[in-house]
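Chemist: Sending over a structure as structure tokens; questions will come in a sec.
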Amino acid sequence: MIDIKRLRQDPEGSRASLLRRDRSLAQSVDALLALDRERRETLGRVEALKAERNAATEEVARGKRAGEPVDDLMARLRASGEEVKVLDGRLREVESELDRLVLALPNFPAEGIPDGDAGANRLVRTWGEPPVFDFLPQPHWELATALDMLDLPAGARLAGSGFAVFRGRGARLIRALAGFMLDLHTREHGYVEIAPPYLVNRAALTGTGQLPKFEEDLYGCGADDLFLIPTAEVPVTNLHRDEILEPADLPRGYVAYTPCFRREAGAHGKDTRGLIRVHQFDKVELVRFSRPEDSDAEHQRMTGHAEAVLQRLEIPYRVVELAAGDTGFASARTFDLEVWAAGVGTWLEASSSSTFTDFQARRANIRFRREPRARPEFVHTLNASGVAFPRTIIALLENNQAADGSVRVPKALVPYLGVDRLAPTA
RNA sequence: GGACAGGUGGCCGAGUGGUUGAAGGCGCACGCCUGGAAAGCGUGUAAACGGCUCAAACCGUUUCGAGGGUUCGAAUCCCUCCCUGUCCGCCA
């Protein structure tokens with residue numbers, strides 16, 4: 001969440017910053033400021049009352065010990081106790097409303113990012129060349145079905161549309177990608193591998209920002225009030241919830257390979273062919289914790305780590321910096337890595353690399369100490385897909401296809417997949 | 001799922017209604033001692049919120065798993081929930 005003190009100290013600047021993201025936030029900001037004022041007023045009154053009460057209570061103790069009559073004093077304290085109870089109740093109401101509002105407010109966008117909506121996203125760089133074919137390249141669902149790697153009708157039968165079954169070399173490809181990416185990030189980029197729970201509680205989802213606002217995007221297990229993770233970002237970032245890290249702990253990076261579950265409510269009919277948008281997919285995720293002053297550099301490094309995956313897999317991609325209006329709720333700055341998919345003829349987002357500044361750290365209460373006795377400060381959190389599987393598979397199949405329907409396997413993947421070419425068996 | 005035992009500061013651990021934010025120990029920081037180190041000695045070691053500040057100091061409030069209750073007053077008594085351990089049941 002954003003720092004309410006920043007809002008209080010610089011209302012105009014804060015408001016302007018949030019409006020870059022969403023014009024309709026003006027009201028929330030005003031409501032928040034009014035409630036904050038009321039909270040501090042009420043707090044002042046109730047605390048003064050409590051200070052009096054505490055002093056008088058000591059008086060009672062002293063009097064009782066000395067054998068003096070204290071009935072009058074106790075009667076008066078009983079009355080002021082009632083007043084405290086009323087004010088405390090009011091304070092609780094104000095604070096829970098304040099909480100509700102501030103949890104619904106997105107992060108401040110970073111200074112340098114473009115204004116506007118998705119249309120204003122800025123192309124930062126491209127890598128590789130989209131392949132040219134002397135035949136009409138097929139979409140991945142044709143290729144994968146012919147190669148007996150993918151069974152979409154079976155997925156639909158088992159769980160519904162948007163669920164895929166990988167089989168044979170398709171399933172093996174999933175395992176190969178997981179091994180390849182995890183090895184790269186742990187061995188060459190210094191990440192610590194985590195195998196987290198795939199179900200998390202509300203506190204975890206509130207920490208990273210999915211709750212309370214985006215509950216309808218999640219699959220929930222009602223009876224236990226748990227949710228299937230939409231990304232490993234949730235369990236892995238929350239690993240340090242309510243902790244104070246030592247200076248030596250930063251920066252620190254974790255990598256996790258997990259399935260991700262997304263209801264994609266409201267996304268029906270959009271990009272839904274084949275594997276482009278599915279309800280369950282695998283992803284290797286990078287999560288980093290850093291000091292505030294290092295987070296921009298860390299963001300660049302981590303984006304590079306995600307890019308390294310695509311480069312080794314020889315997948316052409318472009319890096320896009322999202323505009324303020326297109327940047328996700330918790331993120332201050334996001335780079336999307338979009339891979340070229342020759343069969344469907346479009347760029348597909350395969351990784352999203354974001355810095356959350358102190359937004360998630362505040363929600364999840366993740367802090368660090370610069371010096372042994374210094375007062376704790378919030379860390380900065382970052383994460384990047386490193387990378388999502390379905391769109392990687394789409395790119396691999398569609399870009400490396402041959403006229404006979406076979407697919408070349410990039411060198412980096414051969415040791416993991418065991419073959420250098422996928423060809424129809426028939 | 002059932003029974004029992006527990007959840008106290010960075011860690012261990014005392015504390016069953018009145019200066020207990022919390023004894024004692026460990027750890028950590030600083031100082032003394034030492035040629036240097038260890039040992040020893042001394043001092044200091046939680047956080048959040050609010051007030052006042054440029055800031056700190058300072059003052060106030062809150063916090064002993066979470067939430068509620070009893071009381072003039074709760075770490076301590078009562079209720080609900082969560083978590084951990086042990087045993088039993090079930091089970092990959």
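Chain lettering (A, B, ...) mirrors the order of the structure tokens, residue numbering begins at 1 for each chain separately, and ligand numbering begins at 1 in order of display.
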Considering only C-alpha atoms (C1' of nucleotides), give me a table of residues in chain A that are at most 8 Å from chain B, with the closest atom pair and distance in Å for each, as a Markdown table.
Modeler:
| residue | atom | partner | partner_atom | distance |
| --- | --- | --- | --- | --- |
| A:Arg40 | CA | B:G50 | C1' | 7.0 |
| A:Leu43 | CA | B:G50 | C1' | 7.1 |
| A:Gly44 | CA | B:G50 | C1' | 6.8 |
| A:Glu47 | CA | B:U61 | C1' | 5.3 |
| A:Ala48 | CA | B:G60 | C1' | 7.4 |
| A:Lys50 | CA | B:U61 | C1' | 7.4 |
| A:Ala51 | CA | B:G60 | C1' | 7.0 |
| A:Thr57 | CA | B:G73 | C1' | 6.1 |
| A:Glu58 | CA | B:G18 | C1' | 7.4 |
| A:Val60 | CA | B:C72 | C1' | 7.1 |
| A:Ala61 | CA | B:G18 | C1' | 5.5 |
| A:Leu73 | CA | B:C72 | C1' | 7.6 |
| A:Met74 | CA | B:C72 | C1' | 4.6 |
| A:Ala75 | CA | B:C72 | C1' | 7.4 |
| A:Leu77 | CA | B:C72 | C1' | 5.5 |
| A:Arg78 | CA | B:C72 | C1' | 6.2 |
| A:Pro372 | CA | B:A29 | C1' | 7.4 |
| A:Arg373 | CA | B:A29 | C1' | 7.9 |
Chemist: Restricting the output to N, CA, C and O atoms, write the selected residues as an mmCIF file, in the first residue's frame.
Modeler:
data_model
loop_
_atom_site.group_PDB
_atom_site.id
_atom_site.type_symbol
_atom_site.label_atom_id
_atom_site.label_comp_id
_atom_site.auth_asym_id
_atom_site.auth_seq_id
_atom_site.Cartn_x
_atom_site.Cartn_y
_atom_site.Cartn_z
ATOM 1 N N ARG A 40 -6.739 10.949 13.444
ATOM 2 C CA ARG A 40 -5.766 11.570 14.335
ATOM 3 C C ARG A 40 -6.444 12.377 15.435
ATOM 4 O O ARG A 40 -5.981 12.398 16.572
ATOM 5 N N LEU A 43 -7.883 9.820 17.883
ATOM 6 C CA LEU A 43 -6.774 9.181 18.566
ATOM 7 C C LEU A 43 -6.230 10.088 19.667
ATOM 8 O O LEU A 43 -5.956 9.638 20.784
ATOM 9 N N GLY A 44 -6.088 11.371 19.366
ATOM 10 C CA GLY A 44 -5.594 12.320 20.358
ATOM 11 C C GLY A 44 -6.486 12.344 21.596
ATOM 12 O O GLY A 44 -6.000 12.294 22.722
ATOM 13 N N GLU A 47 -6.362 8.951 23.541
ATOM 14 C CA GLU A 47 -5.074 8.713 24.201
ATOM 15 C C GLU A 47 -4.912 9.595 25.439
ATOM 16 O O GLU A 47 -4.361 9.159 26.447
ATOM 17 N N ALA A 48 -5.415 10.819 25.362
ATOM 18 C CA ALA A 48 -5.355 11.700 26.528
ATOM 19 C C ALA A 48 -6.174 11.101 27.672
ATOM 20 O O ALA A 48 -5.753 11.078 28.833
ATOM 21 N N LYS A 50 -6.892 7.976 28.119
ATOM 22 C CA LYS A 50 -6.229 6.777 28.632
ATOM 23 C C LYS A 50 -5.060 7.142 29.537
ATOM 24 O O LYS A 50 -4.791 6.453 30.522
ATOM 25 N N ALA A 51 -4.375 8.230 29.178
ATOM 26 C CA ALA A 51 -3.249 8.656 30.008
ATOM 27 C C ALA A 51 -3.746 9.032 31.401
ATOM 28 O O ALA A 51 -3.150 8.654 32.411
ATOM 29 N N THR A 57 -5.405 4.936 37.857
ATOM 30 C CA THR A 57 -5.373 3.523 38.231
ATOM 31 C C THR A 57 -4.219 3.234 39.187
ATOM 32 O O THR A 57 -4.366 2.483 40.150
ATOM 33 N N GLU A 58 -3.110 3.892 38.933
ATOM 34 C CA GLU A 58 -1.973 3.740 39.846
ATOM 35 C C GLU A 58 -2.331 4.293 41.222
ATOM 36 O O GLU A 58 -1.932 3.756 42.246
ATOM 37 N N VAL A 60 -5.246 4.270 42.553
ATOM 38 C CA VAL A 60 -6.074 3.252 43.212
ATOM 39 C C VAL A 60 -5.181 2.196 43.867
ATOM 40 O O VAL A 60 -5.371 1.830 45.033
ATOM 41 N N ALA A 61 -4.202 1.747 43.112
ATOM 42 C CA ALA A 61 -3.310 0.706 43.640
ATOM 43 C C ALA A 61 -2.594 1.202 44.885
ATOM 44 O O ALA A 61 -2.527 0.510 45.909
ATOM 45 N N LEU A 73 -12.877 7.273 43.621
ATOM 46 C CA LEU A 73 -11.963 7.233 42.480
ATOM 47 C C LEU A 73 -12.372 6.126 41.505
ATOM 48 O O LEU A 73 -12.409 6.321 40.288
ATOM 49 N N MET A 74 -12.687 4.962 42.075
ATOM 50 C CA MET A 74 -13.067 3.837 41.221
ATOM 51 C C MET A 74 -14.349 4.123 40.456
ATOM 52 O O MET A 74 -14.496 3.746 39.298
ATOM 53 N N ALA A 75 -15.279 4.810 41.110
ATOM 54 C CA ALA A 75 -16.530 5.155 40.440
ATOM 55 C C ALA A 75 -16.273 6.086 39.268
ATOM 56 O O ALA A 75 -16.824 5.924 38.180
ATOM 57 N N LEU A 77 -13.531 6.350 37.601
ATOM 58 C CA LEU A 77 -12.813 5.603 36.562
ATOM 59 C C LEU A 77 -13.769 4.748 35.742
ATOM 60 O O LEU A 77 -13.585 4.576 34.540
ATOM 61 N N ARG A 78 -14.780 4.223 36.436
ATOM 62 C CA ARG A 78 -15.754 3.402 35.720
ATOM 63 C C ARG A 78 -16.420 4.247 34.638
ATOM 64 O O ARG A 78 -16.607 3.811 33.507
ATOM 65 N N PRO A 372 22.978 -2.444 12.787
ATOM 66 C CA PRO A 372 22.449 -3.299 13.854
ATOM 67 C C PRO A 372 21.331 -2.666 14.691
ATOM 68 O O PRO A 372 20.400 -3.332 15.051
ATOM 69 N N ARG A 373 21.411 -1.371 14.972
ATOM 70 C CA ARG A 373 20.393 -0.801 15.852
ATOM 71 C C ARG A 373 19.482 0.208 15.165
ATOM 72 O O ARG A 373 18.645 0.835 15.821
#
Chemist: Please list as an MDAnalysis selection string every residue within 8 Å of G17 in chain B, counting only C-alpha atoms (C1' of nucleotides) and excluding residues in the same chain fewer than 5 positions away.
Modeler: chainID B and resid 73:74 76:77
Chemist: Can I get the selected residues back with all heavy atoms, as a tab-separated table (two decimals), in the first residue's frame?
Modeler:
chain	number	residue	atom	x	y	z
B	73	G	P	-11.25	-1.16	34.12
B	73	G	OP1	-11.30	-0.74	32.71
B	73	G	OP2	-12.14	-2.24	34.60
B	73	G	O5'	-9.74	-1.54	34.48
B	73	G	C5'	-8.69	-0.69	34.04
B	73	G	C4'	-7.37	-1.16	34.61
B	73	G	O4'	-7.45	-1.17	36.05
B	73	G	C3'	-6.99	-2.58	34.27
B	73	G	O3'	-6.41	-2.67	32.98
B	73	G	C2'	-5.99	-2.91	35.37
B	73	G	O2'	-4.73	-2.31	35.10
B	73	G	C1'	-6.63	-2.20	36.56
B	73	G	N9	-7.45	-3.11	37.36
B	73	G	C8	-8.82	-3.17	37.40
B	73	G	N7	-9.26	-4.09	38.22
B	73	G	C5	-8.10	-4.67	38.74
B	73	G	C6	-7.94	-5.72	39.68
B	73	G	O6	-8.82	-6.37	40.27
B	73	G	N1	-6.61	-5.99	39.92
B	73	G	C2	-5.56	-5.33	39.33
B	73	G	N2	-4.34	-5.73	39.70
B	73	G	N3	-5.69	-4.34	38.46
B	73	G	C4	-6.98	-4.07	38.21
B	74	A	P	-6.60	-4.02	32.13
B	74	A	OP1	-5.95	-3.79	30.82
B	74	A	OP2	-8.02	-4.40	32.17
B	74	A	O5'	-5.80	-5.13	32.95
B	74	A	C5'	-4.38	-5.07	33.09
B	74	A	C4'	-3.79	-6.43	32.73
B	74	A	O4'	-4.55	-7.43	33.46
B	74	A	C3'	-3.91	-6.80	31.26
B	74	A	O3'	-2.83	-7.65	30.88
B	74	A	C2'	-5.21	-7.58	31.19
B	74	A	O2'	-5.22	-8.48	30.13
B	74	A	C1'	-5.14	-8.32	32.53
B	74	A	N9	-6.44	-8.75	33.05
B	74	A	C8	-7.69	-8.36	32.66
B	74	A	N7	-8.67	-8.96	33.30
B	74	A	C5	-8.00	-9.80	34.18
B	74	A	C6	-8.46	-10.70	35.14
B	74	A	N6	-9.74	-10.92	35.39
B	74	A	N1	-7.54	-11.40	35.83
B	74	A	C2	-6.26	-11.18	35.59
B	74	A	N3	-5.70	-10.34	34.71
B	74	A	C4	-6.63	-9.68	34.03
B	76	U	P	-3.83	-12.16	29.99
B	76	U	OP1	-4.65	-13.05	29.15
B	76	U	OP2	-4.34	-10.86	30.43
B	76	U	O5'	-3.39	-12.95	31.31
B	76	U	C5'	-3.07	-14.34	31.27
B	76	U	C4'	-2.57	-14.73	32.65
B	76	U	O4'	-1.63	-13.71	33.06
B	76	U	C3'	-3.68	-14.79	33.70
B	76	U	O3'	-3.63	-16.05	34.37
B	76	U	C2'	-3.38	-13.63	34.64
B	76	U	O2'	-3.56	-14.00	35.99
B	76	U	C1'	-1.89	-13.35	34.39
B	76	U	N1	-1.54	-11.93	34.57
B	76	U	C2	-0.83	-11.58	35.71
B	76	U	O2	-0.52	-12.40	36.56
B	76	U	N3	-0.54	-10.25	35.81
B	76	U	C4	-0.86	-9.26	34.91
B	76	U	O4	-0.51	-8.12	35.14
B	76	U	C5	-1.58	-9.71	33.76
B	76	U	C6	-1.89	-11.00	33.63
B	77	C	P	-4.54	-17.25	33.84
B	77	C	OP1	-4.20	-18.44	34.65
B	77	C	OP2	-4.48	-17.29	32.37
B	77	C	O5'	-6.01	-16.76	34.23
B	77	C	C5'	-6.57	-17.05	35.50
B	77	C	C4'	-8.02	-16.67	35.52
B	77	C	O4'	-8.14	-15.22	35.59
B	77	C	C3'	-8.80	-17.03	34.26
B	77	C	O3'	-9.24	-18.38	34.30
B	77	C	C2'	-9.96	-16.05	34.30
B	77	C	O2'	-10.95	-16.45	35.21
B	77	C	C1'	-9.26	-14.79	34.84
B	77	C	N1	-8.79	-13.88	33.76
B	77	C	C2	-9.74	-13.18	33.01
B	77	C	O2	-10.94	-13.35	33.25
B	77	C	N3	-9.32	-12.34	32.04
B	77	C	C4	-8.01	-12.19	31.81
B	77	C	N4	-7.64	-11.35	30.85
B	77	C	C5	-7.03	-12.91	32.56
B	77	C	C6	-7.46	-13.73	33.51
Chemist: Using DSSP on the backbone coordinates, identify the residues of range 51-271 of chain A assigned to strand (DSSP E); present them as a PyMOL selection string.
Modeler: chain A and resi 122-127+150-151+165-166+192-194+199-200+220-221+226-228+243-245+252-261
Chemist: For C4 in chain B, which of B:U20, B:U43, B:U86, B:U80 is the closest residue, counting only C-alpha atoms (C1' of nucleotides)?
Modeler: B:U86
Chemist: Neighbouring residues of Arg167 in chain A were defined as those with any atom within 10 Å, considering only C-alpha atoms (C1' of nucleotides); residues of the same chain fewer than 5 positions away were excluded. Please report them as a ChimeraX atom specification.
Modeler: /A:144-145,147-151,172-174
Chemist: For range 381-391 of chain A, please output as number ranges by chain all residues within 7 Å (counting only C-alpha atoms (C1' of nucleotides); exclusion window: fewer than 6 positions along the same chain).
Modeler: A: 233, 275-276, 281-290, 299, 302-303, 306, 309, 348, 350-358, 360-361
Chemist: Keeping N, CA and C atoms, export the residues of the selection given above as a CSV table (one decimal), in the first residue's frame.
Modeler:
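The file below, part-v5.csv, is the result:
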chain,number,residue,atom,x,y,z
A,233,GLU,N,4.8,-15.5,-7.4
A,233,GLU,CA,5.0,-14.2,-6.7
A,233,GLU,C,4.4,-14.2,-5.3
A,275,LEU,N,-3.1,-22.2,-26.8
A,275,LEU,CA,-2.4,-22.0,-25.4
A,275,LEU,C,-2.2,-20.6,-25.1
A,276,ILE,N,-2.8,-19.7,-25.9
A,276,ILE,CA,-2.5,-18.3,-25.7
A,276,ILE,C,-2.9,-17.8,-24.3
A,281,PHE,N,-1.4,-22.7,-16.0
A,281,PHE,CA,-0.1,-22.8,-16.8
A,281,PHE,C,1.0,-22.9,-15.8
A,282,ASP,N,2.1,-23.3,-16.3
A,282,ASP,CA,3.4,-23.4,-15.5
A,282,ASP,C,4.2,-22.2,-15.8
A,283,LYS,N,5.0,-21.8,-14.8
A,283,LYS,CA,5.8,-20.6,-14.9
A,283,LYS,C,7.0,-20.8,-13.9
A,284,VAL,N,8.1,-20.3,-14.4
A,284,VAL,CA,9.3,-20.1,-13.5
A,284,VAL,C,9.3,-18.6,-13.1
A,285,GLU,N,9.3,-18.4,-11.8
A,285,GLU,CA,9.2,-17.0,-11.4
A,285,GLU,C,10.4,-16.5,-10.6
A,286,LEU,N,10.8,-15.3,-10.9
A,286,LEU,CA,11.9,-14.7,-10.1
A,286,LEU,C,11.4,-13.7,-9.2
A,287,VAL,N,11.8,-13.7,-7.9
A,287,VAL,CA,11.4,-12.7,-6.9
A,287,VAL,C,12.7,-12.1,-6.3
A,288,ARG,N,12.8,-10.8,-6.2
A,288,ARG,CA,13.9,-10.2,-5.5
A,288,ARG,C,13.5,-9.2,-4.4
A,289,PHE,N,14.4,-9.2,-3.4
A,289,PHE,CA,14.2,-8.2,-2.3
A,289,PHE,C,15.5,-7.3,-2.3
A,290,SER,N,15.3,-6.0,-2.3
A,290,SER,CA,16.5,-5.2,-2.3
A,290,SER,C,16.3,-3.9,-1.4
A,299,HIS,N,16.1,-4.1,-10.8
A,299,HIS,CA,15.1,-4.3,-11.8
A,299,HIS,C,15.7,-4.6,-13.2
A,302,MET,N,17.3,-8.1,-13.1
A,302,MET,CA,16.4,-9.2,-13.1
A,302,MET,C,15.7,-9.3,-14.5
A,303,THR,N,15.4,-8.2,-15.1
A,303,THR,CA,14.9,-8.2,-16.5
A,303,THR,C,15.8,-8.9,-17.4
A,306,ALA,N,15.6,-12.6,-17.1
A,306,ALA,CA,14.4,-13.2,-17.8
A,306,ALA,C,14.7,-13.2,-19.3
A,309,VAL,N,16.8,-16.2,-20.7
A,309,VAL,CA,16.0,-17.4,-21.0
A,309,VAL,C,15.6,-17.4,-22.4
A,348,LEU,N,3.6,-11.9,-28.1
A,348,LEU,CA,2.9,-12.4,-27.0
A,348,LEU,C,3.7,-12.2,-25.7
A,350,ALA,N,5.4,-12.9,-22.6
A,350,ALA,CA,5.8,-14.2,-22.0
A,350,ALA,C,6.4,-13.9,-20.6
A,351,SER,N,6.7,-12.6,-20.3
A,351,SER,CA,7.2,-12.3,-19.0
A,351,SER,C,6.9,-10.8,-18.7
A,352,SER,N,6.7,-10.6,-17.4
A,352,SER,CA,6.4,-9.3,-17.0
A,352,SER,C,7.3,-9.0,-15.8
A,353,SER,N,8.1,-8.0,-15.9
A,353,SER,CA,9.2,-7.7,-14.9
A,353,SER,C,8.9,-6.4,-14.2
A,354,SER,N,8.6,-6.5,-13.0
A,354,SER,CA,8.1,-5.3,-12.3
A,354,SER,C,8.9,-5.0,-11.0
A,355,THR,N,9.0,-3.7,-10.7
A,355,THR,CA,9.4,-3.3,-9.4
A,355,THR,C,8.2,-2.7,-8.6
A,356,PHE,N,8.1,-3.1,-7.4
A,356,PHE,CA,6.9,-2.7,-6.6
A,356,PHE,C,7.3,-1.7,-5.6
A,357,THR,N,8.5,-1.2,-5.7
A,357,THR,CA,9.0,-0.2,-4.7
A,357,THR,C,8.6,-0.8,-3.3
A,358,ASP,N,8.1,0.1,-2.4
A,358,ASP,CA,7.8,-0.4,-1.0
A,358,ASP,C,6.3,-0.8,-0.9
A,360,GLN,N,4.4,-3.5,-1.9
A,360,GLN,CA,4.1,-4.8,-1.3
A,360,GLN,C,4.8,-5.0,0.1
A,361,ALA,N,5.9,-4.4,0.2
A,361,ALA,CA,6.6,-4.5,1.5
A,361,ALA,C,5.8,-3.9,2.7
Chemist: Excluding same-chain residues fewer than 4 positions from His189 in chain A, what lies within 10 Å of it counting only C-alpha atoms (C1' of nucleotides), as a list in words?
Modeler: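 Final neighbour list, sorted by chain and number: Leu182, Asp183, Leu184, His185, Gly253, Val255, Arg301, Met302, Gly304, His305 and Ala308 of chain A.
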Chemist: So that I have them on file, write out the residues from the current selection with C-alpha atoms, as a PDB file, in the first residue's frame.
Modeler:
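In the end it all went to part_34.pdb:
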ATOM      1  CA  LEU A 182      15.711 -23.443 -12.939  1.00  0.00           C
ATOM      2  CA  ASP A 183      19.281 -24.483 -13.733  1.00  0.00           C
ATOM      3  CA  LEU A 184      19.980 -21.208 -15.514  1.00  0.00           C
ATOM      4  CA  HIS A 185      18.678 -19.037 -12.682  1.00  0.00           C
ATOM      5  CA  GLY A 253      16.664 -13.579  -5.103  1.00  0.00           C
ATOM      6  CA  VAL A 255      13.262 -18.686  -8.118  1.00  0.00           C
ATOM      7  CA  ARG A 301      19.421  -7.008 -13.752  1.00  0.00           C
ATOM      8  CA  MET A 302      16.369  -9.163 -13.141  1.00  0.00           C
ATOM      9  CA  GLY A 304      18.160  -9.315 -18.000  1.00  0.00           C
ATOM     10  CA  HIS A 305      17.816 -12.660 -16.229  1.00  0.00           C
ATOM     11  CA  ALA A 308      18.592 -14.609 -20.919  1.00  0.00           C
TER      12      ALA A 308
END
Chemist: Find the residues near range 100-103 of chain A: any atom within 9 Å, counting only C-alpha atoms (C1' of nucleotides), skip ones fewer than 2 places away on the same chain, and give them as a VMD selection string.
Modeler: chain A and resid 1 to 4 28 to 29 31 to 32 95 to 98 105 to 106 206 209 211 to 213 363
Chemist: With N, CA, C and O atoms kept, could you save the residues just selected as a compact mmCIF listing (two decimals), in the first residue's frame?
Modeler:
# COMPACT_ATOMS: atom_id res chain seq x y z
N MET A 1 0.85 -1.19 0.00
CA MET A 1 0.00 0.00 0.00
C MET A 1 0.88 1.24 0.00
O MET A 1 2.06 1.18 0.33
N ILE A 2 0.28 2.33 -0.38
CA ILE A 2 1.06 3.56 -0.39
C ILE A 2 1.18 4.08 1.03
O ILE A 2 0.43 3.69 1.92
N ASP A 3 2.13 4.98 1.23
CA ASP A 3 2.40 5.56 2.54
C ASP A 3 1.42 6.70 2.78
O ASP A 3 1.46 7.72 2.08
N ILE A 4 0.58 6.54 3.80
CA ILE A 4 -0.43 7.58 4.03
C ILE A 4 0.22 8.88 4.49
O ILE A 4 -0.32 9.97 4.29
N SER A 28 -11.16 8.83 -3.95
CA SER A 28 -10.60 7.99 -2.89
C SER A 28 -9.55 8.77 -2.11
O SER A 28 -9.46 8.66 -0.89
N VAL A 29 -8.74 9.53 -2.84
CA VAL A 29 -7.68 10.29 -2.18
C VAL A 29 -8.28 11.30 -1.21
O VAL A 29 -7.84 11.41 -0.07
N ALA A 31 -11.27 11.21 0.21
CA ALA A 31 -11.91 10.50 1.32
C ALA A 31 -10.86 10.03 2.32
O ALA A 31 -11.04 10.10 3.54
N LEU A 32 -9.76 9.58 1.79
CA LEU A 32 -8.67 9.07 2.62
C LEU A 32 -8.11 10.18 3.51
O LEU A 32 -7.89 9.99 4.70
N GLU A 95 -10.65 3.43 11.42
CA GLU A 95 -9.45 2.75 10.95
C GLU A 95 -9.77 1.64 9.96
O GLU A 95 -9.01 1.42 9.01
N SER A 96 -10.88 0.96 10.15
CA SER A 96 -11.17 -0.12 9.22
C SER A 96 -11.61 0.46 7.87
O SER A 96 -11.30 -0.09 6.81
N GLU A 97 -12.28 1.60 7.91
CA GLU A 97 -12.65 2.27 6.66
C GLU A 97 -11.40 2.79 5.94
O GLU A 97 -11.25 2.66 4.73
N LEU A 98 -10.49 3.34 6.74
CA LEU A 98 -9.23 3.83 6.21
C LEU A 98 -8.45 2.70 5.55
O LEU A 98 -7.90 2.83 4.46
N LEU A 105 -6.12 1.24 -3.11
CA LEU A 105 -5.38 2.23 -3.88
C LEU A 105 -4.13 1.61 -4.50
O LEU A 105 -3.38 0.92 -3.81
N PRO A 106 -3.87 1.86 -5.79
CA PRO A 106 -2.70 1.28 -6.45
C PRO A 106 -1.42 2.00 -6.07
O PRO A 106 -1.46 3.04 -5.42
N THR A 206 -3.19 -10.52 0.16
CA THR A 206 -3.28 -9.10 0.47
C THR A 206 -1.88 -8.48 0.44
O THR A 206 -1.69 -7.35 -0.02
N GLY A 209 -1.00 -7.88 -3.13
CA GLY A 209 -1.90 -6.93 -3.80
C GLY A 209 -3.04 -7.54 -4.59
O GLY A 209 -3.85 -6.81 -5.16
N LEU A 211 -5.52 -9.28 -3.31
CA LEU A 211 -6.70 -9.01 -2.49
C LEU A 211 -6.51 -7.64 -1.83
O LEU A 211 -5.39 -7.22 -1.64
N PRO A 212 -7.60 -6.98 -1.48
CA PRO A 212 -8.99 -7.41 -1.60
C PRO A 212 -9.62 -7.13 -2.96
O PRO A 212 -10.75 -7.54 -3.20
N LYS A 213 -8.91 -6.49 -3.88
CA LYS A 213 -9.58 -5.95 -5.07
C LYS A 213 -9.87 -6.95 -6.17
O LYS A 213 -10.79 -6.77 -6.95
N ARG A 363 2.45 -3.72 2.64
CA ARG A 363 1.31 -4.60 2.86
C ARG A 363 1.73 -5.87 3.59
O ARG A 363 1.01 -6.38 4.44
